[in-house]
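Everything below concerns the one structure shown next.
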Amino acid sequence: MTAEYIDGKAVAEAVRAEVAVGVDAHLSATGRRPGLATLLIGDDPASEVYVRNKRRLCRDVGMADRHQHLPGDVSQRAVEETIDALAADTSVSGILLQLPAPPHLDAEELVGRIPAGKDVDGLTIWNAGLLAQNREGLRPCTPSGVMRLLDHAAVQIAGAHAVVVGRSALVGRPMAQMLTNRDATVTVCHSRTVDLEAVCKTADILVVAAGRPRMLDADAVKPGAVVIDVGIHRTADGLCGDVDTDSASRVASMITPVPGGVGPMTIAMLLENTLIAEKATANALIANAAD
Ligand code: NAP
């Protein structure tokens, strides 16, 4: 068997095109242009590239780019004041604090200051709680992107056995909850899992977000399984994921490539979240004005 590639680049483009149409319609209806505030602290080159891409694609879909760049030695108090100002600014629809923050800062505390309604990364405790209870809220972008890819590929989720490798707050944990909310039977693996390959091999849907280059290959894949590779690593021979794609492709029915799989979906879902956040803000402003 040679697995079919799930084309994340194409799906992400389609999501961004839908968001652009939504931005236009919202602007015509309300006169409000959605605004995304990316907040970058310091000069980490990888973070700079991520933020630059987010800003470019935000402008491409017609949103206002409300970027803020703070110096690497900024105080906790100064970042808190910046977040509070963005939180109070009704022309800012969404706030994204680029992580990791410099180590002298308390990043959890900073994320916690972002109002849940502007938390377009879906990382506040409030939004995590809403997801855990399967209630409406802003969802973390990468696992949302994975769900969108599974739906695009018409993968049967309800009743499937999904194995998620990784339990981070950013990817693994919300991923497992989203799959559970869609009626998959979910197993979560982590660094203490015994016989990881054997557990992975029971998966109909295998999502790998461990942050270990080419950690799993065909030996961890059940014949016909759908493999979603969230990992992204820059190695001497180019970009690769957490899965050995060539090897796993011989066994899986579908697989996401790296690059061009999950990666492009993350920013597309961020933009979708920003439009969702903006619509809620606009509705609240209209309701307040009517009171
Ligand atoms: P993370 O915070 O480092 O979490 C990694 C998780 O994998 C942890 O839960 C860890 O277990 C588990 N793990 C590590 N080694 C393992 C092993 N040998 N066997 C089983 N489990 C193991 O990483 P993350 O933020 O979730 O990101 C995961 C990967 O996704 C990274 O490669 C990252 O670059 C990538 N990523 C990509 C995107 C994108 O847009 N494509 C977005 C976010 C992340 P413990 O909990 O026991 O430590």
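Residues in the structure tokens are named by chain (A, B, ... in the order shown) and by number from 1 within that chain; ligands are numbered from 1 in the order shown.
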Could you please extract the residues within 6 Å of ligand 1, counting only C-alpha atoms and all ligand atoms, and hand them back as number ranges by chain? A: 142, 165-168, 170-172, 189-192, 209-211, 230-232, 262-263, 266
Determine, for each residue of region 101-191 of chain A having at least one atom at most 9 Å from an atom of region 72-87 of chain A, the closest pair of atoms and their separation in Å to one decimal, counting only C-alpha atoms; order by chain and ascending number, as a Markdown table.
| residue | atom | partner | partner_atom | distance |
| --- | --- | --- | --- | --- |
| A:Ala101 | CA | A:Gly72 | CA | 8.6 |
| A:Pro102 | CA | A:Gly72 | CA | 6.6 |
| A:His104 | CA | A:Gln76 | CA | 8.2 |
| A:Leu105 | CA | A:Gln76 | CA | 5.7 |
| A:Asp106 | CA | A:Gln76 | CA | 7.2 |
| A:Glu109 | CA | A:Glu80 | CA | 8.8 |
| A:Leu110 | CA | A:Glu80 | CA | 6.4 |
| A:Val111 | CA | A:Ile83 | CA | 9.0 |
| A:Arg113 | CA | A:Ile83 | CA | 6.9 |
| A:Ile114 | CA | A:Ala87 | CA | 6.6 |
| A:Pro115 | CA | A:Ala87 | CA | 6.5 |
| A:Lys118 | CA | A:Ala87 | CA | 7.4 |
Please, could you write that set of residues out with N, CA and C atoms as an mmCIF file, in the first residue's frame?
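And here's part.cif as it stands now:
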data_model
loop_
_atom_site.group_PDB
_atom_site.id
_atom_site.type_symbol
_atom_site.label_atom_id
_atom_site.label_comp_id
_atom_site.auth_asym_id
_atom_site.auth_seq_id
_atom_site.Cartn_x
_atom_site.Cartn_y
_atom_site.Cartn_z
ATOM 1 N N ALA A 101 8.150 32.680 25.559
ATOM 2 C CA ALA A 101 8.564 34.014 26.000
ATOM 3 C C ALA A 101 9.950 33.872 26.646
ATOM 4 N N PRO A 102 10.733 34.963 26.722
ATOM 5 C CA PRO A 102 12.034 34.878 27.412
ATOM 6 C C PRO A 102 11.849 34.308 28.827
ATOM 7 N N HIS A 104 12.827 34.931 31.788
ATOM 8 C CA HIS A 104 12.602 35.725 33.005
ATOM 9 C C HIS A 104 11.118 36.098 33.166
ATOM 10 N N LEU A 105 10.317 35.815 32.142
ATOM 11 C CA LEU A 105 8.893 36.181 32.213
ATOM 12 C C LEU A 105 8.052 34.970 32.609
ATOM 13 N N ASP A 106 6.921 35.243 33.286
ATOM 14 C CA ASP A 106 5.983 34.184 33.650
ATOM 15 C C ASP A 106 4.945 34.088 32.527
ATOM 16 N N GLU A 109 1.222 33.287 33.339
ATOM 17 C CA GLU A 109 0.534 34.459 33.876
ATOM 18 C C GLU A 109 0.147 35.426 32.737
ATOM 19 N N LEU A 110 1.051 35.580 31.773
ATOM 20 C CA LEU A 110 0.780 36.498 30.654
ATOM 21 C C LEU A 110 -0.363 35.974 29.789
ATOM 22 N N VAL A 111 -0.316 34.683 29.461
ATOM 23 C CA VAL A 111 -1.410 34.102 28.658
ATOM 24 C C VAL A 111 -2.730 34.259 29.414
ATOM 25 N N ARG A 113 -3.738 36.571 31.193
ATOM 26 C CA ARG A 113 -4.283 37.945 31.154
ATOM 27 C C ARG A 113 -5.079 38.215 29.892
ATOM 28 N N ILE A 114 -4.888 37.342 28.876
ATOM 29 C CA ILE A 114 -5.620 37.564 27.616
ATOM 30 C C ILE A 114 -7.082 37.199 27.865
ATOM 31 N N PRO A 115 -8.030 38.109 27.574
ATOM 32 C CA PRO A 115 -9.435 37.755 27.794
ATOM 33 C C PRO A 115 -9.803 36.535 26.934
ATOM 34 N N LYS A 118 -10.645 36.950 23.341
ATOM 35 C CA LYS A 118 -9.608 37.391 22.390
ATOM 36 C C LYS A 118 -8.461 36.374 22.315
#
Between A:Ala12, A:Ser144, A:Thr2, A:Ser47, which one has atoms that come closest to Gly224 (chain A), using only C-alpha atoms?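 Checking each of A:Ala12, A:Ser144, A:Thr2, A:Ser47 against Gly224 (chain A), counting only C-alpha atoms, the winner is A:Thr2.
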Name all residues at most 10 Å from Glu136 (chain A) (count only C-alpha atoms; drop same-chain ones fewer than 5 positions away) and give them as a ChimeraX atom specification. /A:127,130-131
Where in region 7-234 of chain A does DSSP assign strand (DSSP E or B), given as number ranges by chain? A: 35-41, 64-65, 68-70, 94-97, 119, 161-165, 185-189, 205-208, 216, 226-229, 233-234
Show which residues sit within 12 Å of His67 (chain A), as number ranges by chain. Count only C-alpha atoms, and ignore same-chain residues fewer than 3 positions away. A: 35-41, 48, 51-56, 58-59, 63-64, 70, 82-83, 86, 92, 94-98
